[in-house]
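> Below is final14.txt; it holds compact mmCIF, C-alpha atoms.
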# COMPACT_ATOMS: atom_id res chain seq x y z
CA MET A 1 7.53 -10.20 -8.43
CA TYR A 2 4.18 -10.30 -6.70
CA PHE A 3 0.73 -9.25 -7.76
CA ALA A 4 -2.04 -8.78 -5.22
CA ALA A 5 -5.61 -7.63 -5.77
CA LEU A 6 -8.90 -7.49 -3.90
CA LEU A 7 -12.18 -8.35 -5.59
CA ALA A 8 -15.32 -7.42 -3.69
CA ARG A 9 -18.73 -8.63 -4.84
CA THR A 10 -21.24 -5.86 -4.32
CA GLU A 11 -24.86 -5.33 -5.39
CA ASP A 12 -23.49 -3.71 -8.55
CA GLY A 13 -21.14 -6.60 -9.42
CA TRP A 14 -17.44 -7.09 -8.82
CA GLU A 15 -15.16 -4.23 -7.84
CA ALA A 16 -11.41 -4.71 -7.99
CA SER A 17 -8.47 -2.87 -6.51
CA ASP A 18 -4.81 -3.63 -6.41
CA THR A 19 -3.39 -3.72 -2.94
CA GLU A 20 -0.07 -3.26 -1.24
CA LEU A 21 0.93 -6.03 1.12
CA ASP A 22 3.92 -4.19 2.61
CA ASP A 23 2.23 -3.77 6.01
CA VAL A 24 0.65 -7.23 6.02
CA GLU A 25 2.50 -9.67 8.26
CA THR A 26 -0.21 -12.12 9.32
CA LEU A 27 -3.42 -13.63 8.03
CA SER A 28 -5.26 -11.40 10.52
CA ASP A 29 -3.69 -8.31 8.90
CA LEU A 30 -4.72 -9.56 5.46
CA THR A 31 -8.24 -10.31 6.68
CA GLU A 32 -8.56 -6.84 8.19
CA LEU A 33 -7.32 -5.23 4.95
CA ALA A 34 -9.88 -7.20 2.93
CA ARG A 35 -12.77 -6.43 5.28
CA ASP A 36 -11.91 -2.72 5.21
CA ALA A 37 -12.21 -2.81 1.41
CA SER A 38 -15.70 -4.31 1.40
CA GLY A 39 -19.20 -3.61 2.59
CA ASP A 40 -20.87 -5.33 5.48
CA ASP A 41 -21.61 -8.80 4.13
CA ASP A 42 -19.91 -8.65 0.75
CA THR A 43 -17.83 -11.54 -0.47
CA VAL A 44 -14.21 -10.45 -0.82
CA LEU A 45 -11.50 -12.38 -2.63
CA VAL A 46 -7.83 -11.62 -2.12
CA PHE A 47 -5.61 -12.81 -4.96
CA ILE A 48 -1.88 -13.15 -4.46
CA GLU A 49 0.40 -14.41 -7.21
CA GLN A 50 4.13 -14.81 -7.54
CA GLU A 51 5.34 -14.91 -11.17
CA ASP A 52 3.41 -18.04 -12.16
CA SER A 53 5.21 -19.93 -9.38
CA TRP A 54 2.17 -20.08 -7.11
CA PHE A 55 -1.07 -18.26 -6.43
CA GLY A 56 -3.35 -18.02 -3.45
CA VAL A 57 -6.97 -17.07 -2.95
CA VAL A 58 -8.38 -15.94 0.38
CA ARG A 59 -12.15 -15.66 0.60
CA LEU A 60 -14.05 -13.69 3.19
CA ASP A 61 -17.82 -13.85 3.49
CA GLY A 62 -19.01 -11.30 6.03
CA GLU A 63 -17.63 -12.07 9.46
CA GLU A 64 -16.88 -15.75 8.75
CA ASP A 65 -13.36 -17.10 9.09
CA PRO A 66 -11.27 -16.77 5.94
CA ARG A 67 -11.14 -19.68 3.52
CA ILE A 68 -7.80 -20.25 1.80
CA TYR A 69 -6.51 -22.03 -1.29
CA VAL A 70 -2.84 -22.13 -2.33
CA SER A 71 -1.84 -23.67 -5.67
CA GLN A 72 1.70 -24.79 -4.77
CA ALA A 73 2.28 -24.98 -1.03
CA GLN A 74 6.03 -25.66 -1.14
CA ALA A 75 6.67 -22.72 -3.48
CA ALA A 76 4.49 -20.48 -1.32
CA ALA A 77 6.37 -21.57 1.80
CA ARG A 78 9.51 -20.00 0.34
CA SER A 79 7.71 -16.66 -0.02
CA SER A 80 7.03 -14.13 2.70
CA TYR A 81 3.49 -13.60 1.40
CA GLY A 82 2.93 -17.31 0.96
CA GLU A 83 3.90 -17.94 4.56
CA ILE A 84 1.03 -15.65 5.59
CA LEU A 85 -1.44 -17.99 3.91
CA LEU A 86 0.11 -21.26 5.12
CA THR A 87 -1.31 -21.21 8.61
CA ASP A 88 -0.77 -24.01 11.12
CA GLU A 89 -4.45 -24.91 10.73
CA LEU A 90 -4.19 -25.13 6.94
CA LEU A 91 -1.08 -27.31 7.22
CA GLY A 92 -2.65 -29.50 9.89
CA ARG A 93 -0.02 -28.59 12.46
CA ASP A 94 -0.38 -27.98 16.14
CA PRO A 95 0.67 -24.36 16.83
CA GLY A 96 2.91 -25.76 19.59
CA ASP A 97 5.02 -27.52 16.92
CA THR A 98 6.43 -24.16 15.83
CA LEU A 99 7.50 -23.37 19.39
CA ALA A 100 9.12 -26.81 19.72
CA ALA A 101 11.04 -26.26 16.47
CA LEU A 102 12.33 -22.92 17.74
CA GLU A 103 13.38 -24.51 21.03
CA GLU A 104 15.34 -27.13 19.09
CA LEU A 105 17.27 -24.37 17.34
CA VAL A 106 18.32 -22.99 20.69
CA ASP A 107 19.56 -26.40 21.84
CA LEU A 108 22.27 -26.94 19.23
CA ASP A 109 23.97 -30.32 19.41
CA GLY A 110 26.98 -29.91 17.12
CA THR A 111 25.16 -30.85 13.92
CA GLU A 112 24.50 -27.22 12.99
CA ASP A 113 27.49 -27.21 10.62
CA GLY A 114 25.75 -29.58 8.24
CA GLU A 115 26.70 -32.87 9.90
CA PRO A 116 23.81 -35.32 9.79
CA ASP A 117 22.05 -35.93 13.07
CA LYS A 118 22.15 -39.66 13.70
CA THR A 119 18.91 -39.47 15.67
CA ASP A 120 17.01 -37.89 12.77
CA THR A 121 14.53 -40.48 11.49
CA THR A 122 12.78 -38.39 8.86
CA ASP A 123 13.29 -39.13 5.21
CA SER A 124 14.74 -36.02 3.57
CA ALA A 125 12.65 -36.61 0.44
CA ASP A 126 9.45 -36.60 2.48
CA GLY A 127 10.45 -33.73 4.74
CA ASP A 128 9.71 -33.44 8.41
CA ALA A 129 7.03 -35.92 9.41
CA SER A 130 5.77 -33.55 12.13
CA GLY A 131 4.26 -31.00 9.75
CA ALA A 132 6.21 -30.36 6.58
CA VAL A 133 4.66 -28.32 3.83
CA PRO A 134 3.17 -30.69 1.25
CA ALA A 135 3.91 -30.45 -2.44
CA GLY A 136 1.08 -29.22 -4.64
CA PRO A 137 -2.17 -27.51 -3.77
CA ILE A 138 -3.50 -27.08 -0.26
CA GLY A 139 -6.62 -25.60 1.21
CA ASP A 140 -10.27 -25.30 0.26
CA VAL A 141 -10.57 -26.47 -3.37
CA ALA A 142 -14.28 -25.57 -3.35
CA ILE A 143 -13.51 -21.95 -2.40
CA LEU A 144 -14.91 -20.63 -5.70
CA ALA A 145 -17.44 -23.35 -6.55
CA ASP A 146 -20.53 -21.24 -5.87
CA LEU A 147 -19.01 -18.34 -7.84
CA GLY A 148 -18.53 -20.25 -11.09
CA MET A 149 -15.28 -22.23 -10.79
CA ASP A 150 -15.47 -25.83 -9.57
CA ASP A 151 -12.68 -27.67 -7.79
CA LYS A 152 -11.47 -29.54 -10.89
CA ALA A 153 -11.08 -26.30 -12.84
CA LEU A 154 -9.26 -24.66 -9.92
CA LEU A 155 -6.86 -27.58 -9.54
CA GLY A 156 -6.13 -27.55 -13.28
CA LEU A 157 -4.98 -23.93 -13.44
CA THR A 158 -1.37 -23.24 -14.39
CA THR A 159 -0.34 -20.04 -16.16
CA ASP A 160 -2.48 -16.89 -15.85
CA ALA A 161 -4.48 -18.60 -13.13
CA LEU A 162 -5.84 -15.37 -11.69
CA GLY A 163 -7.01 -14.29 -15.14
CA GLU A 164 -8.85 -17.57 -15.62
CA ILE A 165 -10.42 -17.29 -12.17
CA ALA A 166 -11.55 -13.73 -12.89
CA ASP A 167 -12.96 -14.88 -16.24
CA ALA A 168 -14.98 -17.63 -14.54
CA LEU A 169 -16.29 -15.08 -12.03
CA GLY A 170 -17.22 -12.59 -14.74
CA ALA A 171 -14.63 -10.11 -13.46
CA SER A 172 -11.81 -10.43 -16.00
CA GLU A 173 -12.05 -6.84 -17.29
CA ILE A 174 -12.10 -5.48 -13.77
CA LEU A 175 -9.07 -7.51 -12.70
CA GLN A 176 -7.20 -6.61 -15.88
CA ALA A 177 -7.75 -2.92 -15.14
CA VAL A 178 -5.81 -3.19 -11.85
CA ARG A 179 -3.03 -5.35 -13.26
Write out the structure in this file as structure tokens.


Amino acid sequence: MYFAALLARTEDGWEASDTELDDVETLSDLTELARDASGDDDTVLVFIEQEDSWFGVVRLDGEEDPRIYVSQAQAAARSSYGEILLTDELLGRDPGDTLAALEELVDLDGTEDGEPDKTDTTDSADGDASGAVPAGPIGDVAILADLGMDDKALLGLTTDALGEIADALGASEILQAVR
């Protein structure tokens, strides 16, 4: 089960709203949804959480590009909403790598039934050397530093991470109201 919420910092403090991600398919869609929920230059945080498996924070400051933090990249990669956050840029991949991977699927060589490909030189424990999703956190660990949560505290979060983030921001009651 997923939980998603928007927190917008206004002149009057934090305002929270839960949000539906059903129509969100890309980071651009998510960014547009967040900007629509805020004022002109307000800071907006999008929280996405999947049952204590992983959480993500997307931060928008005015018209700047979104900043992203994901607590467990491999777990998020197995989630449709997590895949939205794990952009090629965040993963350090060339967008052309995705196209090359799709082209490889079209050019099947007989190993598609589970037979090992003798030309494959990647170590299965390490994943694909050309851009696998790393284990653990990924993204901007300083995403909340100026709002009251430093990188060490963010990296140390486990259960009820979004609650602890909201507490550090002074928005725990507001977030709890939309949960």

> Using only C-alpha atoms, which residue out of A:Ala161, A:Leu33, A:Leu6, A:Val141 lies closest to Ile68 (chain A)?

A:Val141

> Tell me which protein, DNA and RNA residues are within 9 Å of Ala177 (chain A), counting all atoms listed in the file, leaving out same-chain ones fewer than 4 positions away, and put them as a list of chain:residue names.

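Here the answer would be A:Ala16, A:Ser17, A:Ser172, A:Glu173.
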
> Which one is closest to Ala145 (chain A): A:Ser80, A:Arg93, A:Asp36, A:Arg59? Count all atoms listed in the file.

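Using all atoms listed in the file, the shortest distance to Ala145 (chain A) belongs to A:Arg59.
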
> Considering all atoms listed in the file, can you say which of A:Val44, A:Ser79, A:Gln74, A:Ser28 comes closest to Met1 (chain A)?

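When distances to Met1 (chain A) are compared using all atoms listed in the file, the smallest one comes from A:Ser79.
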
> Give me, please, the distance in Å between CA of Phe47 (chain A) and CA of Val24 (chain A), quoted to one decimal.

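Taking CA of Phe47 (chain A) and CA of Val24 (chain A), their separation equals 13.8 Å.
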
> So, counting all atoms listed in the file, which residue among A:Arg78, A:Arg35, A:Arg9, A:Arg67 is closest to Ala142 (chain A)?

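Of all the options, A:Arg67 lies closest to Ala142 (chain A).
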
> In Å, how far is it from CA of Ile165 (chain A) to CA of Tyr69 (chain A)?

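Atom-to-atom, CA of Ile165 (chain A) to CA of Tyr69 (chain A), that is 12.5 Å.
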
> Between CA of Ala75 (chain A) and CA of Ala132 (chain A), what distance in Å does the model show, to one decimal?

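Straight-line distance from CA of Ala75 (chain A) to CA of Ala132 (chain A) works out to 12.6 Å.
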
> For a quick check of understanding, using all atoms listed in the file, which of A:Leu86, A:Leu162, A:Leu144, A:Ile138 has the smallest distance to Ile174 (chain A)?

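When distances to Ile174 (chain A) are compared using all atoms listed in the file, the smallest one comes from A:Leu162.
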
> Pick out the closest residue to Ser53 (chain A) from this set: A:Ala76, A:Leu7, A:Met149, A:Leu155. Count all atoms listed in the file.

A:Ala76

> Got a sec: who's within 7 Å of Glu49 (chain A), counting all atoms listed in the file, leaving out chain neighbours fewer than 4 positions off, as a PyMOL selection string?

chain A and resi 2-4+54-56

> Starting from the incomplete input, reconstruct N, CA, C and O atoms of region 14-38 of chain A and report them as a CSV table (one decimal), in the frame of the given file.


chain,number,residue,atom,x,y,z
A,14,TRP,N,-18.8,-7.0,-9.4
A,14,TRP,CA,-17.4,-7.1,-8.8
A,14,TRP,C,-16.7,-5.7,-8.9
A,14,TRP,O,-16.8,-5.1,-9.9
A,15,GLU,N,-16.0,-5.4,-7.9
A,15,GLU,CA,-15.2,-4.2,-7.8
A,15,GLU,C,-13.8,-4.7,-7.5
A,15,GLU,O,-13.6,-5.5,-6.6
A,16,ALA,N,-12.8,-4.3,-8.2
A,16,ALA,CA,-11.4,-4.7,-8.0
A,16,ALA,C,-10.5,-3.5,-7.6
A,16,ALA,O,-10.8,-2.4,-8.0
A,17,SER,N,-9.5,-3.9,-6.8
A,17,SER,CA,-8.5,-2.9,-6.5
A,17,SER,C,-7.2,-3.6,-6.3
A,17,SER,O,-7.2,-4.7,-5.7
A,18,ASP,N,-6.1,-3.0,-6.7
A,18,ASP,CA,-4.8,-3.6,-6.4
A,18,ASP,C,-4.5,-3.2,-5.0
A,18,ASP,O,-5.1,-2.3,-4.4
A,19,THR,N,-3.7,-4.0,-4.3
A,19,THR,CA,-3.4,-3.7,-2.9
A,19,THR,C,-1.9,-3.9,-2.6
A,19,THR,O,-1.3,-4.7,-3.3
A,20,GLU,N,-1.4,-3.1,-1.7
A,20,GLU,CA,-0.1,-3.3,-1.2
A,20,GLU,C,-0.1,-4.2,0.0
A,20,GLU,O,-0.9,-4.0,0.9
A,21,LEU,N,0.8,-5.1,0.0
A,21,LEU,CA,0.9,-6.0,1.1
A,21,LEU,C,2.1,-5.7,2.0
A,21,LEU,O,2.5,-6.5,2.9
A,22,ASP,N,2.7,-4.5,1.8
A,22,ASP,CA,3.9,-4.2,2.6
A,22,ASP,C,3.7,-4.2,4.1
A,22,ASP,O,4.6,-4.6,4.9
A,23,ASP,N,2.5,-3.8,4.6
A,23,ASP,CA,2.2,-3.8,6.0
A,23,ASP,C,1.5,-5.0,6.5
A,23,ASP,O,1.1,-5.1,7.7
A,24,VAL,N,1.3,-6.0,5.6
A,24,VAL,CA,0.6,-7.2,6.0
A,24,VAL,C,1.7,-8.3,6.5
A,24,VAL,O,2.6,-8.6,5.7
A,25,GLU,N,1.6,-8.7,7.7
A,25,GLU,CA,2.5,-9.7,8.3
A,25,GLU,C,1.8,-11.0,8.7
A,25,GLU,O,2.5,-12.0,8.8
A,26,THR,N,0.5,-10.9,8.9
A,26,THR,CA,-0.2,-12.1,9.3
A,26,THR,C,-1.5,-12.3,8.5
A,26,THR,O,-1.9,-11.3,7.8
A,27,LEU,N,-2.1,-13.4,8.7
A,27,LEU,CA,-3.4,-13.6,8.0
A,27,LEU,C,-4.5,-12.7,8.6
A,27,LEU,O,-5.3,-12.2,7.9
A,28,SER,N,-4.3,-12.4,9.9
A,28,SER,CA,-5.3,-11.4,10.5
A,28,SER,C,-5.1,-10.0,9.9
A,28,SER,O,-6.1,-9.3,9.6
A,29,ASP,N,-3.9,-9.6,9.6
A,29,ASP,CA,-3.7,-8.3,8.9
A,29,ASP,C,-4.3,-8.3,7.5
A,29,ASP,O,-5.0,-7.4,7.1
A,30,LEU,N,-4.2,-9.4,6.8
A,30,LEU,CA,-4.7,-9.6,5.5
A,30,LEU,C,-6.2,-9.6,5.5
A,30,LEU,O,-6.9,-8.9,4.7
A,31,THR,N,-6.8,-10.3,6.5
A,31,THR,CA,-8.2,-10.3,6.7
A,31,THR,C,-8.8,-8.9,7.0
A,31,THR,O,-9.8,-8.5,6.4
A,32,GLU,N,-8.1,-8.2,7.8
A,32,GLU,CA,-8.6,-6.8,8.2
A,32,GLU,C,-8.5,-5.9,7.0
A,32,GLU,O,-9.4,-5.2,6.7
A,33,LEU,N,-7.5,-6.0,6.2
A,33,LEU,CA,-7.3,-5.2,5.0
A,33,LEU,C,-8.5,-5.5,4.0
A,33,LEU,O,-9.1,-4.6,3.4
A,34,ALA,N,-8.8,-6.8,3.8
A,34,ALA,CA,-9.9,-7.2,2.9
A,34,ALA,C,-11.2,-6.7,3.4
A,34,ALA,O,-12.1,-6.3,2.7
A,35,ARG,N,-11.5,-6.9,4.7
A,35,ARG,CA,-12.8,-6.4,5.3
A,35,ARG,C,-12.9,-4.9,5.2
A,35,ARG,O,-14.0,-4.4,5.0
A,36,ASP,N,-11.9,-4.2,5.3
A,36,ASP,CA,-11.9,-2.7,5.2
A,36,ASP,C,-12.3,-2.3,3.8
A,36,ASP,O,-12.8,-1.2,3.6
A,37,ALA,N,-12.0,-3.1,2.8
A,37,ALA,CA,-12.2,-2.8,1.4
A,37,ALA,C,-13.6,-3.2,1.0
A,37,ALA,O,-14.0,-2.9,-0.2
A,38,SER,N,-14.4,-3.8,1.8
A,38,SER,CA,-15.7,-4.3,1.4
A,38,SER,C,-16.8,-3.7,2.3
A,38,SER,O,-16.6,-3.1,3.3
